[in-house]
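A.B. asks: File run00.txt follows (compact mmCIF, C-alpha atoms):
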```
# COMPACT_ATOMS: atom_id res chain seq x y z
CA MET A 1438 25.27 -51.26 -73.79
CA LEU A 1439 25.08 -47.76 -72.31
CA GLU A 1440 26.55 -49.15 -69.09
CA MET A 1441 29.81 -49.93 -70.90
CA ILE A 1442 30.35 -46.64 -72.75
CA SER A 1443 29.05 -43.11 -72.30
CA GLU A 1444 26.07 -41.86 -74.27
CA ASN A 1445 28.20 -39.34 -76.16
CA SER A 1446 30.71 -42.04 -77.05
CA PHE A 1447 27.90 -44.26 -78.29
CA VAL A 1448 26.40 -41.68 -80.66
CA THR A 1449 29.86 -40.59 -81.83
CA LEU A 1450 30.86 -44.18 -82.63
CA ALA A 1451 27.55 -44.66 -84.43
CA GLY A 1452 28.40 -41.62 -86.56
CA VAL A 1453 31.88 -42.98 -87.24
CA PHE A 1454 30.47 -46.37 -88.26
CA GLY A 1455 28.03 -44.93 -90.79
CA GLY A 1456 30.57 -42.38 -91.98
CA VAL A 1457 33.13 -45.11 -92.70
CA LEU A 1458 30.53 -46.95 -94.79
CA LEU A 1459 29.80 -43.78 -96.75
CA GLY A 1460 33.49 -43.02 -97.26
CA LEU A 1461 34.12 -46.53 -98.56
CA ALA A 1462 31.13 -46.27 -100.90
CA ALA A 1463 32.45 -43.00 -102.30
CA ARG A 1464 35.98 -44.30 -102.95
CA LEU A 1465 35.29 -47.94 -103.85
CA GLY A 1466 31.78 -47.66 -105.29
CA ARG A 1467 32.13 -44.21 -106.93
CA PHE A 1468 29.00 -43.05 -105.12
CA CYS A 1469 28.79 -39.35 -105.96
CA THR A 1470 25.89 -36.97 -106.57
CA LEU A 1471 27.62 -34.59 -108.96
CA GLY A 1472 29.14 -37.53 -110.83
CA ALA A 1473 25.68 -39.07 -111.17
CA ILE A 1474 24.23 -35.83 -112.53
CA GLU A 1475 27.12 -35.28 -114.92
CA ASP A 1476 26.98 -38.88 -116.18
CA THR A 1477 23.25 -38.55 -116.80
CA LEU A 1478 23.38 -35.19 -118.60
CA TYR A 1479 26.63 -35.53 -120.55
CA GLY A 1480 27.56 -39.21 -120.57
CA ASP A 1481 24.20 -40.78 -121.41
CA ASN A 1482 24.79 -43.09 -118.44
CA THR A 1483 22.28 -43.41 -115.59
CA LEU A 1484 24.21 -46.05 -113.62
CA ARG A 1485 25.23 -43.79 -110.73
CA LEU A 1486 21.84 -42.07 -110.68
CA ARG A 1487 20.25 -45.49 -110.31
CA MET A 1488 22.65 -46.16 -107.45
CA TRP A 1489 21.22 -43.12 -105.69
CA GLY A 1490 17.69 -44.31 -106.42
CA LEU A 1491 18.40 -47.77 -105.01
CA ALA A 1492 20.07 -46.26 -101.93
CA ILE A 1493 17.05 -44.01 -101.36
CA GLY A 1494 14.57 -46.87 -101.81
CA ALA A 1495 16.45 -49.22 -99.50
CA ALA A 1496 16.96 -46.47 -96.91
CA ILE A 1497 13.22 -45.72 -96.91
CA MET A 1498 12.39 -49.40 -96.41
CA GLY A 1499 14.89 -49.78 -93.58
CA THR A 1500 13.88 -46.55 -91.88
CA TYR A 1501 10.16 -47.33 -91.91
CA ALA A 1502 10.85 -50.88 -90.79
CA LEU A 1503 12.52 -49.35 -87.72
CA ASP A 1504 9.57 -47.00 -87.29
CA GLY A 1505 7.10 -49.87 -87.53
CA ALA A 1506 9.04 -51.82 -84.91
CA GLY A 1507 8.94 -48.82 -82.58
CA LEU A 1508 12.72 -48.47 -82.62
CA VAL A 1509 12.94 -44.91 -83.86
CA PRO A 1510 10.49 -42.00 -83.34
CA LEU A 1511 10.76 -40.49 -86.81
CA GLU A 1512 8.33 -37.68 -85.97
CA GLN A 1513 11.03 -36.28 -83.68
CA SER A 1514 13.52 -35.97 -86.52
CA PHE A 1515 14.37 -32.51 -87.80
CA TYR A 1516 12.80 -33.24 -91.19
CA LEU A 1517 9.39 -34.18 -89.78
CA SER A 1518 9.17 -31.79 -86.82
CA ILE A 1519 9.80 -28.46 -88.61
CA THR A 1520 7.15 -26.85 -90.80
CA TRP A 1521 8.11 -27.29 -94.45
CA MET A 1522 9.04 -24.11 -96.33
CA PRO A 1523 8.85 -24.81 -100.10
CA LEU A 1524 10.70 -21.61 -101.03
CA ALA A 1525 13.57 -22.49 -98.70
CA SER A 1526 13.85 -25.96 -100.24
CA ILE A 1527 13.90 -24.54 -103.76
CA MET A 1528 16.22 -21.59 -103.18
CA GLY A 1529 18.55 -23.48 -100.88
CA GLY A 1530 18.66 -26.45 -103.23
CA LEU A 1531 19.43 -24.28 -106.25
CA LEU A 1532 22.22 -22.48 -104.37
CA PHE A 1533 23.69 -25.75 -103.18
CA GLY A 1534 23.48 -27.41 -106.61
CA TYR A 1535 25.09 -24.47 -108.38
CA GLY A 1536 27.82 -24.26 -105.75
CA MET A 1537 28.39 -28.00 -106.07
CA ALA A 1538 28.99 -27.63 -109.81
CA LEU A 1539 31.43 -24.76 -109.26
CA ALA A 1540 33.33 -26.60 -106.54
CA GLY A 1541 33.32 -29.91 -108.39
CA ASN A 1542 32.03 -31.73 -105.31
CA CYS A 1543 29.34 -31.62 -102.67
CA GLY A 1544 30.35 -31.54 -99.00
CA PHE A 1545 30.26 -35.32 -98.75
CA GLY A 1546 32.25 -35.68 -101.97
CA ALA A 1547 34.82 -33.15 -100.78
CA LEU A 1548 35.32 -35.12 -97.55
CA ALA A 1549 35.75 -38.30 -99.58
CA ARG A 1550 38.34 -36.63 -101.82
CA LEU A 1551 40.13 -35.16 -98.82
CA GLY A 1552 40.42 -38.67 -97.41
CA GLY A 1553 42.28 -39.56 -100.60
CA GLY A 1554 44.80 -36.74 -100.21
CA ASP A 1555 43.15 -34.00 -102.30
CA MET A 1556 44.02 -30.73 -100.58
CA ARG A 1557 41.75 -28.82 -102.95
CA ALA A 1558 38.89 -30.59 -101.19
CA PHE A 1559 40.28 -29.36 -97.87
CA VAL A 1560 39.66 -25.79 -99.02
CA ILE A 1561 36.08 -26.66 -100.00
CA VAL A 1562 35.44 -28.35 -96.65
CA LEU A 1563 36.77 -25.37 -94.68
CA VAL A 1564 34.85 -22.75 -96.66
CA MET A 1565 31.63 -24.78 -96.66
CA GLY A 1566 31.79 -25.39 -92.91
CA VAL A 1567 32.42 -21.72 -92.11
CA SER A 1568 29.74 -20.57 -94.55
CA ALA A 1569 27.19 -22.99 -93.08
CA TYR A 1570 27.77 -21.70 -89.55
CA ALA A 1571 27.76 -18.07 -90.69
CA VAL A 1572 24.23 -18.62 -91.99
CA LEU A 1573 23.15 -21.00 -89.23
CA SER A 1574 24.23 -19.06 -86.16
CA GLY A 1575 26.62 -16.33 -87.33
CA PRO A 1576 26.11 -12.82 -88.70
CA LEU A 1577 23.88 -14.01 -91.56
CA ALA A 1578 21.59 -15.98 -89.25
CA TYR A 1579 19.38 -12.94 -88.64
CA LEU A 1580 18.71 -12.59 -92.36
CA ARG A 1581 17.99 -16.32 -92.70
CA ILE A 1582 15.58 -16.32 -89.77
CA TRP A 1583 13.80 -13.25 -91.18
CA ALA A 1584 13.49 -14.76 -94.65
CA PHE A 1585 12.86 -18.38 -93.63
CA PRO A 1586 11.53 -18.54 -90.06
CA GLN A 1587 11.41 -22.09 -88.73
CA THR A 1588 8.42 -23.18 -86.67
CA GLN A 1589 7.41 -26.46 -85.10
CA ALA A 1590 5.05 -28.46 -87.27
CA THR A 1591 1.62 -29.31 -85.89
CA THR A 1592 1.49 -32.42 -88.08
CA PRO A 1593 4.53 -34.18 -89.56
CA PRO A 1594 5.27 -32.73 -93.04
CA GLY A 1595 5.70 -36.17 -94.58
CA ILE A 1596 4.36 -37.81 -97.71
CA VAL A 1597 3.34 -41.05 -96.00
CA HIS A 1598 1.79 -39.17 -93.09
CA PHE A 1599 -0.42 -37.25 -95.53
CA ILE A 1600 -1.43 -40.40 -97.45
CA ALA A 1601 -2.05 -42.30 -94.22
CA ALA A 1602 -4.31 -39.52 -92.94
CA GLN A 1603 -6.37 -39.69 -96.15
CA THR A 1604 -6.56 -43.47 -96.47
CA GLY A 1605 -6.14 -44.91 -93.00
CA ILE A 1606 -3.31 -47.18 -94.18
CA GLY A 1607 -0.47 -47.72 -91.71
CA ILE A 1608 2.41 -45.28 -91.98
CA SER A 1609 5.13 -47.93 -91.81
CA SER A 1610 3.47 -50.12 -94.45
CA LEU A 1611 3.10 -47.15 -96.77
CA GLY A 1612 6.70 -46.11 -96.26
CA MET A 1613 8.13 -49.56 -96.95
CA SER A 1614 5.89 -49.92 -100.02
CA ILE A 1615 7.03 -46.59 -101.48
CA GLY A 1616 10.65 -47.50 -100.76
CA LEU A 1617 10.21 -50.85 -102.51
CA LEU A 1618 8.72 -49.16 -105.59
CA ILE A 1619 11.63 -46.71 -105.78
CA ALA A 1620 14.16 -49.53 -105.39
CA LEU A 1621 12.48 -51.65 -108.09
CA ALA A 1622 12.31 -48.69 -110.47
CA SER A 1623 16.03 -48.09 -109.95
CA LEU A 1624 16.78 -51.75 -110.65
CA ALA A 1625 14.76 -51.73 -113.89
CA SER A 1626 17.84 -51.57 -116.10
CA SER A 1627 19.72 -54.49 -117.62
CA ALA A 1628 22.94 -52.46 -117.59
CA PHE A 1629 22.55 -51.79 -113.86
CA LEU A 1630 21.73 -55.41 -113.09
CA LYS A 1631 24.96 -56.41 -114.82
CA ARG A 1632 26.87 -54.30 -112.28
CA PRO A 1633 26.14 -56.01 -108.94
CA ALA A 1634 28.97 -54.07 -107.29
CA SER A 1635 27.07 -50.83 -107.92
CA ALA A 1636 23.95 -52.25 -106.30
CA PHE A 1637 26.03 -53.50 -103.37
CA TRP A 1638 27.52 -50.08 -102.64
CA ALA A 1639 24.11 -48.45 -102.95
CA LEU A 1640 22.85 -50.83 -100.26
CA VAL A 1641 25.90 -50.01 -98.13
CA VAL A 1642 24.94 -46.33 -98.32
CA ALA A 1643 21.37 -47.19 -97.32
CA ALA A 1644 22.71 -49.21 -94.38
CA ALA A 1645 24.71 -46.18 -93.23
CA ILE A 1646 21.60 -43.98 -93.23
CA VAL A 1647 19.45 -46.57 -91.45
CA SER A 1648 22.17 -47.21 -88.86
CA GLY A 1649 22.15 -43.51 -88.00
CA TRP A 1650 18.41 -43.55 -87.34
CA ALA A 1651 18.69 -46.80 -85.36
CA ALA A 1652 21.51 -45.56 -83.12
CA SER A 1653 20.05 -42.11 -82.46
CA GLY A 1654 16.60 -43.64 -81.88
CA TYR A 1655 18.09 -46.04 -79.35
CA ILE A 1656 19.97 -43.37 -77.43
CA SER A 1657 16.93 -41.07 -77.53
CA ALA A 1658 14.80 -43.80 -75.95
CA TYR A 1659 17.24 -45.22 -73.41
CA GLY A 1660 19.74 -42.43 -72.77
CA PHE A 1661 19.50 -39.92 -69.95
CA GLY A 1662 20.60 -36.92 -72.00
CA ALA A 1663 18.64 -34.96 -74.59
CA PHE A 1664 19.87 -36.44 -77.86
CA PRO A 1665 18.23 -35.64 -81.21
CA VAL A 1666 16.99 -38.31 -83.60
CA VAL A 1667 19.34 -37.84 -86.56
CA SER A 1668 21.14 -39.50 -89.43
CA HIS A 1669 23.94 -38.38 -91.72
CA SER A 1670 24.29 -34.96 -93.32
CA PHE A 1671 27.34 -32.95 -94.39
CA SER A 1672 26.51 -29.27 -94.30
CA ALA A 1673 26.28 -27.79 -90.78
CA PRO A 1674 27.89 -30.98 -89.38
CA VAL A 1675 31.08 -30.06 -91.25
CA GLY A 1676 31.10 -26.73 -89.41
CA GLU A 1677 30.36 -28.53 -86.15
CA ALA A 1678 33.32 -30.84 -86.74
CA LEU A 1679 35.58 -27.85 -87.41
CA LEU A 1680 34.43 -26.22 -84.17
CA PHE A 1681 35.07 -29.44 -82.26
CA ALA A 1682 38.56 -29.66 -83.75
CA MET A 1683 39.29 -26.19 -82.36
CA THR A 1684 37.43 -26.35 -79.04
CA SER A 1685 37.20 -30.04 -78.11
CA SER A 1686 38.50 -29.46 -74.58
CA ALA A 1687 35.35 -27.43 -73.88
CA GLY A 1688 32.83 -29.80 -75.42
CA LEU A 1689 31.91 -33.37 -76.22
CA PRO A 1690 31.86 -35.10 -79.61
CA SER A 1691 28.56 -35.80 -81.34
CA PHE A 1692 27.03 -37.94 -84.04
CA ALA A 1693 27.85 -35.24 -86.59
CA VAL A 1694 31.50 -35.07 -85.57
CA GLY A 1695 31.78 -38.86 -85.71
CA SER A 1696 30.08 -38.93 -89.11
CA VAL A 1697 32.53 -36.43 -90.63
CA ALA A 1698 35.52 -38.27 -89.13
CA GLY A 1699 34.12 -41.58 -90.33
CA VAL A 1700 33.89 -40.43 -93.96
CA LEU A 1701 37.51 -39.28 -93.83
CA ILE A 1702 38.59 -42.62 -92.36
CA GLY A 1703 36.56 -44.68 -94.82
CA ALA A 1704 37.72 -42.63 -97.80
CA PHE A 1705 41.33 -42.93 -96.67
CA ILE A 1706 41.03 -46.73 -96.37
CA GLY A 1707 39.23 -46.93 -99.71
CA SER A 1708 41.87 -44.85 -101.48
CA LEU A 1709 44.60 -47.12 -100.10
CA ILE A 1710 42.73 -50.23 -101.25
CA LYS A 1711 42.36 -48.80 -104.77
CA GLY A 1712 45.89 -47.39 -104.78
CA HIS A 1713 44.49 -43.92 -105.44
CA PHE A 1714 45.86 -42.03 -102.45
CA ARG A 1715 48.02 -39.11 -103.56
CA TRP A 1716 48.57 -35.54 -102.48
CA GLU A 1717 47.00 -33.03 -104.86
CA ALA A 1718 46.79 -29.25 -104.79
CA CYS A 1719 45.23 -26.49 -106.85
CA GLU A 1720 47.53 -24.89 -109.42
CA ASP A 1721 44.97 -22.72 -111.23
CA PRO A 1722 43.81 -19.54 -109.45
CA ARG A 1723 40.57 -19.62 -111.46
CA GLU A 1724 39.85 -23.12 -110.21
CA LEU A 1725 40.53 -22.04 -106.64
CA ARG A 1726 38.20 -19.08 -107.06
CA ARG A 1727 35.41 -21.38 -108.27
CA GLN A 1728 35.98 -23.74 -105.37
CA LEU A 1729 35.90 -20.93 -102.80
CA LEU A 1730 32.66 -19.55 -104.24
CA GLY A 1731 31.18 -23.04 -104.64
CA GLY A 1732 31.97 -23.98 -101.04
CA ALA A 1733 30.41 -20.75 -99.74
CA LEU A 1734 27.24 -21.26 -101.78
CA MET A 1735 26.95 -24.88 -100.67
CA GLY A 1736 27.25 -24.00 -97.00
CA ALA A 1737 24.62 -21.27 -97.23
CA GLY A 1738 22.30 -23.25 -99.50
CA ALA A 1739 22.40 -26.36 -97.32
CA VAL A 1740 21.43 -24.44 -94.19
CA ILE A 1741 18.57 -22.69 -95.99
CA ALA A 1742 17.32 -25.99 -97.46
CA MET A 1743 17.92 -27.83 -94.14
CA GLY A 1744 20.26 -30.34 -95.71
CA CYS A 1745 22.65 -31.26 -98.52
CA THR A 1746 22.79 -34.09 -101.04
CA VAL A 1747 23.10 -36.57 -98.19
CA GLY A 1748 21.03 -34.71 -95.58
CA GLN A 1749 18.06 -34.09 -97.87
CA GLY A 1750 18.88 -36.50 -100.69
CA LEU A 1751 19.22 -39.55 -98.41
CA SER A 1752 18.43 -38.95 -94.73
CA ALA A 1753 15.38 -36.71 -95.28
CA PHE A 1754 14.32 -38.86 -98.24
CA SER A 1755 14.40 -41.92 -96.00
CA THR A 1756 11.73 -40.24 -93.83
CA LEU A 1757 9.76 -39.26 -96.98
CA SER A 1758 9.51 -35.65 -95.84
CA TYR A 1759 8.01 -33.13 -98.24
CA SER A 1760 11.30 -31.27 -98.40
CA ALA A 1761 13.40 -34.18 -99.69
CA PRO A 1762 12.21 -34.63 -103.32
CA VAL A 1763 11.79 -30.88 -103.82
CA THR A 1764 15.25 -30.04 -102.49
CA PHE A 1765 16.86 -32.88 -104.40
CA ALA A 1766 15.20 -31.72 -107.64
CA ALA A 1767 16.39 -28.16 -106.97
CA ILE A 1768 19.93 -29.41 -106.32
CA PHE A 1769 19.80 -31.31 -109.61
CA ALA A 1770 18.58 -28.20 -111.46
CA GLY A 1771 21.20 -25.96 -109.86
CA ALA A 1772 23.97 -28.43 -110.66
CA ALA A 1773 22.73 -28.82 -114.24
CA PHE A 1774 22.83 -25.04 -114.68
CA GLY A 1775 26.32 -24.82 -113.23
CA LEU A 1776 27.65 -27.71 -115.31
CA ARG A 1777 26.25 -26.16 -118.47
CA GLN A 1778 27.96 -22.89 -117.64
CA LEU A 1779 31.29 -24.64 -117.05
CA ILE A 1780 31.14 -27.14 -119.91
CA GLU A 1781 29.19 -25.40 -122.66
CA GLY A 1782 29.08 -21.74 -121.68
CA PHE A 1783 26.15 -19.51 -122.57
CA GLN A 1784 27.36 -17.96 -125.81
CA PRO A 1785 24.78 -18.30 -128.60
CA ALA A 1786 25.75 -20.64 -131.40
CA GLU A 1787 26.81 -18.93 -134.64
```
Go through the file and emit its structure as structure tokens.

C.D. replies:
Amino acid sequence: MLEMISENSFVTLAGVFGGVLLGLAARLGRFCTLGAIEDTLYGDNTLRLRMWGLAIGAAIMGTYALDGAGLVPLEQSFYLSITWMPLASIMGGLLFGYGMALAGNCGFGALARLGGGDMRAFVIVLVMGVSAYAVLSGPLAYLRIWAFPQTQATTPPGIVHFIAAQTGIGISSLGMSIGLLIALASLASSAFLKRPASAFWALVVAAAIVSGWAASGYISAYGFGAFPVVSHSFSAPVGEALLFAMTSSAGLPSFAVGSVAGVLIGAFIGSLIKGHFRWEACEDPRELRRQLLGGALMGAGAVIAMGCTVGQGLSAFSTLSYSAPVTFAAIFAGAAFGLRQLIEGFQPAE
């Protein structure tokens, strides 16, 4: 396959493929983190939260099936090769979750809305991408490195790796078993089982995550260049895509750039299918202010936590890294706090 197209083209197309699946799931399947949290807390409806659970469970099973078959070296992934920093996961997750509530979307959700013509989401995407790079490699990087220095892990900081070391059970078997349990727990709802379309789109999301690992694992094993083992995330990759859009003549596309473009393409197609495409803009300065602040907090928080709702909530979760459940819980808590502030306020009842 690599004889027909270049290695960069291969990884970029792999990113586009998975991104299109994610964009379609967002527009046609209403797959959304903030929506799932808001439905759970204020709508007494766990349908979309169960979609996330099923996507996580299926992604874990698929990822560890690849690992067991020797098709992807998961220990080389960012989530299992960097020493876990609990404080970074908690603080970054809280910042991201609160920013997500203020902005009304996460980075992935903003891309999906932008694909449907929402120019308010364009502002969020721009601010989040710039903020992420300011903290990742810009003027705030020195502060981040001082507060949260990243070091190479001596042993993979993963849940299954820890259990396997204590029990001697195979890593892949453990991973697939945990994924199956999470998937079954998510399916344990008669209301959810009556919505097969929701389960279908959750599995589409899982397929997107697994395809990222499969493609990057393949190119890492058979390519001649130094390509990382990655899957989808929408924090620093948004900034990377913005940089590529401005300087593409001096560089090559990447999986991240393809992933961002794929979500936009998939969301655009999905919005046309549903008849939801329309140009929208912000008319309320207060709303714009919240979106600017929310985008900035999301960019910074995602870099500190080493991922966003998709990066940590799906890709890292599919590797069962220590950081994934902690960061996802922190994102949930931060979003819950932000939603309460926006919906209920903090004035004491009289």

A.B. asks: Could you check which of A:Asn1445, A:Ser1568, A:Ser1635, A:Ser1610 is closest to A:Pro1674, using only C-alpha atoms?

C.D. replies: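 Under the stated criterion, the closest residue is A:Ser1568.
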
A.B. asks: Do you know which residues are at most 10 Å from stretch 1697-1713 of chain A counting only C-alpha atoms, after dropping those on the same chain fewer than 2 positions away, and could you put them as a PyMOL selection string?

C.D. replies: chain A and resi 1449-1466+1544-1554+1669-1671+1674-1679+1692-1695+1715-1716

A.B. asks: Would you pick out the contacts of A:Ala1636 at 9 Å or less, using all atoms listed in the file, so that residues sharing its chain but fewer than 2 positions from it are not included, and give the list as an mmCIF file with C-alpha atoms, keeping the file's coordinate frame?

C.D. replies:
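Wrote it out as part27.cif, contents follow:
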```
data_model
loop_
_atom_site.group_PDB
_atom_site.id
_atom_site.type_symbol
_atom_site.label_atom_id
_atom_site.label_comp_id
_atom_site.auth_asym_id
_atom_site.auth_seq_id
_atom_site.Cartn_x
_atom_site.Cartn_y
_atom_site.Cartn_z
ATOM 1 C CA ARG A 1487 20.250 -45.490 -110.310
ATOM 2 C CA MET A 1488 22.650 -46.160 -107.450
ATOM 3 C CA LEU A 1491 18.400 -47.770 -105.010
ATOM 4 C CA ALA A 1492 20.070 -46.260 -101.930
ATOM 5 C CA LEU A 1624 16.780 -51.750 -110.650
ATOM 6 C CA PHE A 1629 22.550 -51.790 -113.860
ATOM 7 C CA LEU A 1630 21.730 -55.410 -113.090
ATOM 8 C CA ARG A 1632 26.870 -54.300 -112.280
ATOM 9 C CA PRO A 1633 26.140 -56.010 -108.940
ATOM 10 C CA ALA A 1634 28.970 -54.070 -107.290
ATOM 11 C CA TRP A 1638 27.520 -50.080 -102.640
ATOM 12 C CA ALA A 1639 24.110 -48.450 -102.950
ATOM 13 C CA LEU A 1640 22.850 -50.830 -100.260
ATOM 14 C CA VAL A 1641 25.900 -50.010 -98.130
#
```

A.B. asks: I'd like to know which of A:Leu1486, A:Met1522, A:Ile1561, A:Ala1682 is closest to A:Met1537, using all atoms listed in the file.

C.D. replies: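 Under the stated criterion, the closest residue is A:Ile1561.
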
A.B. asks: So, with all atoms listed in the file as the atoms that count, which of A:Ala1737, A:Val1666, A:Leu1611, A:Ala1753 lies closest to A:Trp1521?

C.D. replies: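 Distance minimum relative to A:Trp1521 lands on A:Ala1753.
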
A.B. asks: Here is a test: counting all atoms listed in the file, which residue of A:Phe1774, A:Tyr1516, A:Phe1754, A:Tyr1659 is nearest to A:Ile1497?

C.D. replies: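 The shortest atom-to-atom distance to A:Ile1497 comes from A:Phe1754.
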
A.B. asks: Could you tell me how far atom CA of A:Ser1443 sits from atom CA of A:Ala1644, in Å to one decimal place?

C.D. replies: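 Going from atom CA of A:Ala1644 over to atom CA of A:Ser1443 covers 23.8 Å.
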
A.B. asks: Grab the atom CA of A:Gln1587 to atom CA of A:Thr1520 distance for me, in Å with one decimal place.

C.D. replies: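 Here the two named atoms are 6.7 Å from each other.
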
A.B. asks: Using all atoms listed in the file, which of the listed residues (A:Val1740, A:Val1667, A:Ile1615, A:Ala1673) sits closest to A:Glu1512?

C.D. replies: A:Val1667

A.B. asks: Quick one: residues within 8 Å of A:Ile1741, all atoms listed in the file, excluding same-chain residues fewer than 2 positions away - as a compact mmCIF listing (two decimals) with C-alpha atoms, keeping the file's coordinate frame?

C.D. replies:
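What follows is the written file selection-v2.txt:
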```txt
# COMPACT_ATOMS: atom_id res chain seq x y z
CA ALA A 1525 13.57 -22.49 -98.70
CA SER A 1526 13.85 -25.96 -100.24
CA MET A 1528 16.22 -21.59 -103.18
CA GLY A 1529 18.55 -23.48 -100.88
CA ARG A 1581 17.99 -16.32 -92.70
CA PHE A 1585 12.86 -18.38 -93.63
CA ALA A 1737 24.62 -21.27 -97.23
CA GLY A 1738 22.30 -23.25 -99.50
CA ALA A 1739 22.40 -26.36 -97.32
CA MET A 1743 17.92 -27.83 -94.14
CA GLY A 1744 20.26 -30.34 -95.71
```

A.B. asks: For a test of reading the model, state the distance in Å between atom CA of A:Gly1736 and atom CA of A:Ser1672, rounded to one decimal.

C.D. replies: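 Distance reported for this atom pair: 6.0 Å.
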
A.B. asks: Please, which residues are within 6 Å of (11.0, -47.6, -100.4) by the file's coordinates, counting all atoms listed in the file, and could they come as a short mmCIF file (atom, residue, chain, number, x, y, z; two decimals) with C-alpha atoms, in the coordinates of the input?

C.D. replies:
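Listed below is the output, part32.cif:
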```
data_model
loop_
_atom_site.label_atom_id
_atom_site.label_comp_id
_atom_site.auth_asym_id
_atom_site.auth_seq_id
_atom_site.Cartn_x
_atom_site.Cartn_y
_atom_site.Cartn_z
CA GLY A 1494 14.57 -46.87 -101.81
CA ALA A 1495 16.45 -49.22 -99.50
CA ILE A 1497 13.22 -45.72 -96.91
CA MET A 1498 12.39 -49.40 -96.41
CA MET A 1613 8.13 -49.56 -96.95
CA SER A 1614 5.89 -49.92 -100.02
CA ILE A 1615 7.03 -46.59 -101.48
CA GLY A 1616 10.65 -47.50 -100.76
CA LEU A 1617 10.21 -50.85 -102.51
CA LEU A 1618 8.72 -49.16 -105.59
CA ILE A 1619 11.63 -46.71 -105.78
#
```

A.B. asks: Return as AutoDock Vina command-line options the centre and edge lengths, in Å with one decimal, of the box along x, y and z that encloses every atom of stretch 1663-1677 of chain A in the file, padded by 6 Å per side.

C.D. replies:
```
--center_x 24.0 --center_y -33.1 --center_z -84.5 --size_x 26.1 --size_y 24.8 --size_z 31.8
```
